[in-house]
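Chemist: Data: start-v4.cif, mmCIF, C-alpha atoms.
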data_target
loop_
_atom_site.group_PDB
_atom_site.id
_atom_site.type_symbol
_atom_site.label_atom_id
_atom_site.label_comp_id
_atom_site.auth_asym_id
_atom_site.auth_seq_id
_atom_site.Cartn_x
_atom_site.Cartn_y
_atom_site.Cartn_z
ATOM 1 C CA MET A 1 -17.237 -19.749 -2.885
ATOM 2 C CA ALA A 2 -19.372 -16.670 -2.325
ATOM 3 C CA TYR A 3 -16.529 -14.175 -2.500
ATOM 4 C CA GLY A 4 -15.909 -14.058 -6.212
ATOM 5 C CA LEU A 5 -14.824 -17.637 -6.964
ATOM 6 C CA GLY A 6 -18.212 -19.235 -7.683
ATOM 7 C CA SER A 7 -18.324 -18.446 -11.417
ATOM 8 C CA MET A 8 -16.586 -16.200 -13.913
ATOM 9 C CA LYS A 9 -19.546 -13.811 -13.864
ATOM 10 C CA THR A 10 -19.530 -13.607 -10.057
ATOM 11 C CA ASN A 11 -15.769 -13.201 -10.066
ATOM 12 C CA LYS A 12 -15.981 -10.298 -12.525
ATOM 13 C CA SER A 13 -18.737 -8.602 -10.514
ATOM 14 C CA ALA A 14 -16.739 -8.966 -7.306
ATOM 15 C CA MET A 15 -13.581 -7.507 -8.841
ATOM 16 C CA VAL A 16 -15.507 -4.574 -10.327
ATOM 17 C CA PHE A 17 -17.004 -3.921 -6.889
ATOM 18 C CA TYR A 18 -13.553 -4.004 -5.254
ATOM 19 C CA ALA A 19 -12.155 -1.676 -7.928
ATOM 20 C CA VAL A 20 -15.007 0.814 -7.494
ATOM 21 C CA LEU A 21 -14.488 0.634 -3.740
ATOM 22 C CA ALA A 22 -10.768 1.409 -4.160
ATOM 23 C CA VAL A 23 -11.478 4.342 -6.501
ATOM 24 C CA GLY A 24 -14.125 5.698 -4.132
ATOM 25 C CA TRP A 25 -11.847 5.397 -1.101
ATOM 26 C CA THR A 26 -8.998 7.155 -2.930
ATOM 27 C CA GLY A 27 -11.308 9.916 -4.154
ATOM 28 C CA TRP A 28 -12.625 10.448 -0.629
ATOM 29 C CA LYS A 29 -9.082 10.671 0.779
ATOM 30 C CA MET A 30 -8.113 13.193 -1.896
ATOM 31 C CA TRP A 31 -11.228 15.295 -1.263
ATOM 32 C CA LYS A 32 -10.628 15.168 2.483
ATOM 33 C CA TYR A 33 -7.053 16.414 2.047
ATOM 34 C CA HIS A 34 -8.063 19.072 -0.496
ATOM 35 C CA SER A 35 -10.875 20.461 1.649
ATOM 36 C CA SER A 36 -8.841 20.589 4.850
ATOM 37 C CA ASP A 37 -6.935 23.684 5.960
ATOM 38 C CA TYR A 38 -4.427 21.454 7.725
ATOM 39 C CA VAL A 39 -1.731 18.960 6.812
ATOM 40 C CA SER A 40 -1.258 15.955 9.073
ATOM 41 C CA ALA A 41 2.272 14.793 9.828
ATOM 42 C CA THR A 42 3.245 11.944 12.145
ATOM 43 C CA VAL A 43 6.654 12.561 13.701
ATOM 44 C CA GLU A 44 8.936 11.062 16.326
ATOM 45 C CA PRO A 45 12.151 12.274 18.010
ATOM 46 C CA GLU A 46 15.404 11.938 16.142
ATOM 47 C CA TRP A 47 17.292 8.756 16.959
ATOM 48 C CA ASN A 48 19.375 8.867 20.151
ATOM 49 C CA THR A 49 18.147 12.277 21.288
ATOM 50 C CA PRO A 50 16.735 13.393 24.665
ATOM 51 C CA PRO A 51 12.986 14.056 25.114
ATOM 52 C CA VAL A 52 11.789 16.845 22.848
ATOM 53 C CA GLU A 53 9.782 19.827 24.074
ATOM 54 C CA LEU A 54 7.130 20.228 21.402
ATOM 55 C CA PHE A 55 4.188 22.634 21.442
ATOM 56 C CA GLY A 56 3.808 22.632 25.212
ATOM 57 C CA GLY A 57 4.333 18.889 25.615
ATOM 58 C CA GLN A 58 7.210 16.448 25.778
ATOM 59 C CA LEU A 59 7.870 13.865 23.074
ATOM 60 C CA GLN A 60 9.680 10.846 24.479
ATOM 61 C CA PRO A 61 12.045 8.634 22.443
ATOM 62 C CA GLY A 62 10.152 5.763 20.844
ATOM 63 C CA ASN A 63 6.863 7.662 20.829
ATOM 64 C CA SER A 64 5.223 9.401 17.902
ATOM 65 C CA VAL A 65 2.705 12.206 17.616
ATOM 66 C CA GLU A 66 0.465 13.385 14.788
ATOM 67 C CA LEU A 67 0.657 17.092 14.099
ATOM 68 C CA SER A 68 -2.065 19.047 12.318
ATOM 69 C CA VAL A 69 -0.261 21.957 10.703
ATOM 70 C CA PRO A 70 -2.157 24.858 9.070
ATOM 71 C CA LYS A 71 -1.379 24.956 5.356
ATOM 72 C CA ALA A 72 -0.839 28.705 5.627
ATOM 73 C CA GLU A 73 2.202 28.113 7.872
ATOM 74 C CA ILE A 74 3.958 25.879 5.335
ATOM 75 C CA ALA A 75 3.005 27.761 2.172
ATOM 76 C CA ARG A 76 6.561 27.841 0.798
ATOM 77 C CA LEU A 77 6.702 24.026 0.566
ATOM 78 C CA LEU A 78 2.996 23.324 0.174
ATOM 79 C CA GLY A 79 3.265 22.649 -3.578
ATOM 80 C CA PHE A 80 5.727 19.793 -3.060
ATOM 81 C CA ILE A 81 3.762 18.454 -0.082
ATOM 82 C CA ASP A 82 0.573 18.428 -2.174
ATOM 83 C CA VAL A 83 2.327 16.530 -4.974
ATOM 84 C CA MET A 84 3.537 13.884 -2.507
ATOM 85 C CA ARG A 85 0.168 13.507 -0.748
ATOM 86 C CA TYR A 86 -1.924 13.368 -3.930
ATOM 87 C CA GLY A 87 0.763 11.310 -5.638
ATOM 88 C CA SER A 88 0.890 8.667 -2.923
ATOM 89 C CA LEU A 89 -2.884 8.217 -3.172
ATOM 90 C CA ALA A 90 -2.858 8.077 -6.979
ATOM 91 C CA VAL A 91 0.096 5.676 -7.165
ATOM 92 C CA GLY A 92 -1.450 3.544 -4.428
ATOM 93 C CA LEU A 93 -4.679 3.334 -6.418
ATOM 94 C CA VAL A 94 -2.819 2.226 -9.551
ATOM 95 C CA ILE A 95 -1.011 -0.495 -7.574
ATOM 96 C CA ILE A 96 -4.303 -1.713 -6.083
ATOM 97 C CA LEU A 97 -5.998 -1.820 -9.490
ATOM 98 C CA VAL A 98 -3.099 -3.707 -11.074
ATOM 99 C CA GLY A 99 -3.153 -6.193 -8.202
ATOM 100 C CA LEU A 100 -6.914 -6.646 -8.576
ATOM 101 C CA LEU A 101 -6.553 -7.220 -12.325
ATOM 102 C CA PHE A 102 -4.073 -10.046 -11.858
ATOM 103 C CA PHE A 103 -6.065 -11.453 -8.941
ATOM 104 C CA TYR A 104 -9.093 -11.491 -11.259
ATOM 105 C CA ARG A 105 -7.063 -13.334 -13.901
ATOM 106 C CA PHE A 106 -5.829 -15.874 -11.361
ATOM 107 C CA CYS A 107 -9.344 -16.510 -10.020
ATOM 108 C CA ASN A 108 -10.609 -17.074 -13.563
ATOM 109 C CA ARG A 109 -7.917 -19.687 -14.132
ATOM 110 C CA VAL A 110 -8.933 -21.481 -10.928
ATOM 111 C CA ILE A 111 -12.617 -21.368 -11.927
ATOM 112 C CA THR A 112 -11.903 -22.784 -15.391
ATOM 113 C CA GLY A 113 -9.730 -25.560 -13.938
ATOM 114 C CA ASN A 114 -6.384 -24.205 -15.153
ATOM 115 C CA PRO A 115 -4.558 -23.181 -11.973
ATOM 116 C CA PHE A 116 -1.268 -24.834 -12.965
ATOM 117 C CA VAL A 117 -0.478 -22.982 -16.197
ATOM 118 C CA ASN A 118 2.564 -20.706 -16.423
ATOM 119 C CA ALA A 119 0.356 -17.630 -16.675
ATOM 120 C CA ALA A 120 -1.039 -18.402 -13.201
ATOM 121 C CA ARG A 121 2.486 -18.162 -11.796
ATOM 122 C CA THR A 122 2.865 -14.763 -13.436
ATOM 123 C CA ASP A 123 -0.397 -13.670 -11.828
ATOM 124 C CA VAL A 124 0.827 -14.707 -8.363
ATOM 125 C CA VAL A 125 4.175 -12.935 -8.849
ATOM 126 C CA VAL A 126 2.497 -9.671 -9.875
ATOM 127 C CA ILE A 127 0.007 -9.868 -6.986
ATOM 128 C CA GLY A 128 2.870 -10.381 -4.523
ATOM 129 C CA ALA A 129 4.848 -7.525 -6.078
ATOM 130 C CA CYS A 130 1.850 -5.190 -5.745
ATOM 131 C CA ILE A 131 1.339 -6.136 -2.095
ATOM 132 C CA LEU A 132 4.981 -5.347 -1.342
ATOM 133 C CA ALA A 133 5.121 -2.235 -3.507
ATOM 134 C CA TYR A 134 2.085 -0.540 -1.941
ATOM 135 C CA PRO A 135 3.485 0.158 1.555
ATOM 136 C CA ILE A 136 6.998 0.805 0.260
ATOM 137 C CA ILE A 137 6.157 3.327 -2.480
ATOM 138 C CA THR A 138 3.269 5.117 -0.756
ATOM 139 C CA GLY A 139 5.185 5.145 2.523
ATOM 140 C CA PHE A 140 8.219 6.697 0.821
ATOM 141 C CA MET A 141 6.145 9.419 -0.815
ATOM 142 C CA ASN A 142 4.363 10.218 2.440
ATOM 143 C CA MET A 143 7.731 10.337 4.187
ATOM 144 C CA LEU A 144 8.986 12.933 1.700
ATOM 145 C CA GLY A 145 5.856 15.007 2.307
ATOM 146 C CA THR A 146 6.202 14.785 6.084
ATOM 147 C CA ASN A 147 9.903 15.667 5.886
ATOM 148 C CA SER A 148 8.897 18.811 4.015
ATOM 149 C CA VAL A 149 6.400 19.681 6.762
ATOM 150 C CA VAL A 150 9.135 19.198 9.367
ATOM 151 C CA GLY A 151 11.513 21.362 7.336
ATOM 152 C CA ALA A 152 8.929 24.114 6.888
ATOM 153 C CA LEU A 153 8.378 24.174 10.666
ATOM 154 C CA GLU A 154 12.169 24.330 11.156
ATOM 155 C CA LEU A 155 12.106 21.203 13.297
ATOM 156 C CA SER A 156 14.748 19.306 11.322
ATOM 157 C CA GLY A 157 17.290 17.814 13.691
ATOM 158 C CA THR A 158 14.691 17.655 16.456
ATOM 159 C CA VAL A 159 12.018 15.356 15.067
ATOM 160 C CA ASP A 160 11.852 12.977 12.140
ATOM 161 C CA THR A 161 9.119 11.245 10.162
ATOM 162 C CA ALA A 162 7.579 8.345 12.077
ATOM 163 C CA ARG A 163 8.026 5.107 10.152
ATOM 164 C CA PRO A 164 5.579 2.458 11.411
ATOM 165 C CA ALA A 165 6.520 -0.925 9.973
ATOM 166 C CA THR A 166 3.243 -2.755 10.625
ATOM 167 C CA GLY A 167 1.964 -2.442 7.063
ATOM 168 C CA LEU A 168 5.288 -3.555 5.620
ATOM 169 C CA TRP A 169 5.473 -6.615 7.855
ATOM 170 C CA ILE A 170 1.931 -7.621 6.884
ATOM 171 C CA ALA A 171 2.865 -7.201 3.207
ATOM 172 C CA ILE A 172 5.969 -9.358 3.683
ATOM 173 C CA PHE A 173 3.922 -12.054 5.427
ATOM 174 C CA VAL A 174 1.300 -12.138 2.656
ATOM 175 C CA SER A 175 3.979 -12.119 -0.054
ATOM 176 C CA THR A 176 5.727 -15.026 1.669
ATOM 177 C CA PHE A 177 2.466 -16.976 1.596
ATOM 178 C CA LEU A 178 2.093 -16.143 -2.116
ATOM 179 C CA GLN A 179 5.610 -17.467 -2.654
ATOM 180 C CA PHE A 180 4.357 -20.771 -1.235
ATOM 181 C CA VAL A 181 1.388 -20.605 -3.624
ATOM 182 C CA TYR A 182 3.818 -19.938 -6.497
ATOM 183 C CA ALA A 183 5.885 -22.988 -5.545
ATOM 184 C CA THR A 184 2.723 -25.090 -5.339
ATOM 185 C CA ILE A 185 1.613 -23.955 -8.808
ATOM 186 C CA ALA A 186 5.086 -24.647 -10.233
ATOM 187 C CA GLN A 187 5.038 -28.173 -8.805
ATOM 188 C CA GLY A 188 1.483 -28.684 -10.044
ATOM 189 C CA SER A 189 2.522 -27.577 -13.527
ATOM 190 C CA LYS A 190 5.349 -30.111 -13.520
ATOM 191 C CA LEU A 191 3.050 -32.918 -12.387
ATOM 192 C CA ALA A 192 0.464 -31.937 -15.031
ATOM 193 C CA ARG A 193 3.132 -32.085 -17.772
ATOM 194 C CA ASP A 194 4.356 -35.457 -16.506
ATOM 195 C CA ALA A 195 0.784 -36.768 -16.481
ATOM 196 C CA ASP A 196 0.252 -35.565 -20.061
ATOM 197 C CA GLY A 197 3.405 -37.398 -21.080
ATOM 198 C CA LEU A 198 2.075 -40.647 -19.673
ATOM 199 C CA VAL A 199 -1.207 -40.462 -21.597
#
Let me see the file written as structure tokens.
Modeler:
Amino acid sequence: MAYGLGSMKTNKSAMVFYAVLAVGWTGWKMWKYHSSDYVSATVEPEWNTPPVELFGGQLQPGNSVELSVPKAEIARLLGFIDVMRYGSLAVGLVIILVGLLFFYRFCNRVITGNPFVNAARTDVVVIGACILAYPIITGFMNMLGTNSVVGALELSGTVDTARPATGLWIAIFVSTFLQFVYATIAQGSKLARDADGLV
């Protein structure tokens, strides 16, 4: 019980630490992007196209490559790209903080011996929604930014934004587990009500 579930005080300290860590990580990512003269874009060949000759190399179907594009070369779309890159980080941070808040609430209910109340089910639902929303929303915003990079380089029709699904599959797996937790809490709530009725 050393990871935030030992007491309400320890739980609060742990969640504050995680929140500060998330804010610090997001701030570092924003500073790194702001201070760089390049924009990174991970691309792959368009579906059902032959190998692409790209910057002296050959991009095979099914492969992806990360491009580092000077911001000066995409100046006409840089404003939109910046909004998408900063926005994905900011929105991702908000999702993480909301998830941590409801995780904190759920842990407090477990610590105080009330894991089967209706509010605990709400906590689990929100946590699961945050886990699913993070890769979907941030991935979509990053995709829009990368599409703009591709358009500014006039590579549309040749390459497309790479869409790795690893993060999404992990989120689906965790959310499925939380659905099991939700069902367990719902059954526990029913048994608790039945027990109260027998007293």
Chemist: CA of Trp25 (chain A) to CA of Lys12 (chain A): how many Å, to one decimal?
Modeler: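 Between CA of Trp25 (chain A) and CA of Lys12 (chain A) the gap works out to 19.8 Å.
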Chemist: Suppose you want the space between CA of Ala75 (chain A) and CA of Val94 (chain A); what is it in Å?
Modeler: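 Computed distance, CA of Ala75 (chain A) to CA of Val94 (chain A), equals 28.7 Å.
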Chemist: Would you compute the distance between CA of Val149 (chain A) and CA of Ser36 (chain A)? Give it in Å to one decimal.
Modeler: 15.4 Å
Chemist: Tell me which residues the PyMOL selection byres ((chain A and resi 120-134) around 6) grabs here, as a list in words.
Modeler: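 Listing what the PyMOL selection byres ((chain A and resi 120-134) around 6) selects in the shown file: Gly92, Ile95, Gly99, Phe102, Phe106, Val117, Asn118, Ala119, Pro135, Ile136, Ile137, Thr138, Ala171, Ser175 and Tyr182 of chain A.
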Chemist: Using all atoms listed in the file, which of the listed residues (A:Val39, A:Asn11, A:Val159, A:Thr176) sits closest to Asp82 (chain A)?
Modeler: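 Closest to Asp82 (chain A) of all the choices is A:Val39.
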Chemist: Quick one: which residues end up in the PyMOL selection byres ((chain A and resi 85-90) around 7) for this structure, as a VMD selection string?
Modeler: chain A and resid 26 30 81 to 84 91 to 94 138 141 to 142 145
Chemist: Of the candidates A:Leu77, A:Leu21, A:Leu100, A:Met143, which shows the shortest atom-to-atom distance to Val43 (chain A), using only C-alpha atoms?
Modeler: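 The closest residue to Val43 (chain A) is A:Met143.
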Chemist: Nearest residue to Asn108 (chain A) out of A:Ile96, A:Ala72, A:Ala14, A:Ala22, using all atoms listed in the file?
Modeler: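 Ranked by minimum distance to Asn108 (chain A), first place goes to A:Ala14.
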Chemist: Which residue gives the smallest distance to Glu44 (chain A) among A:Val69, A:Val23, A:Val150, A:Leu101, with all atoms listed in the file counted?
Modeler: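 Nearest to Glu44 (chain A): A:Val150.
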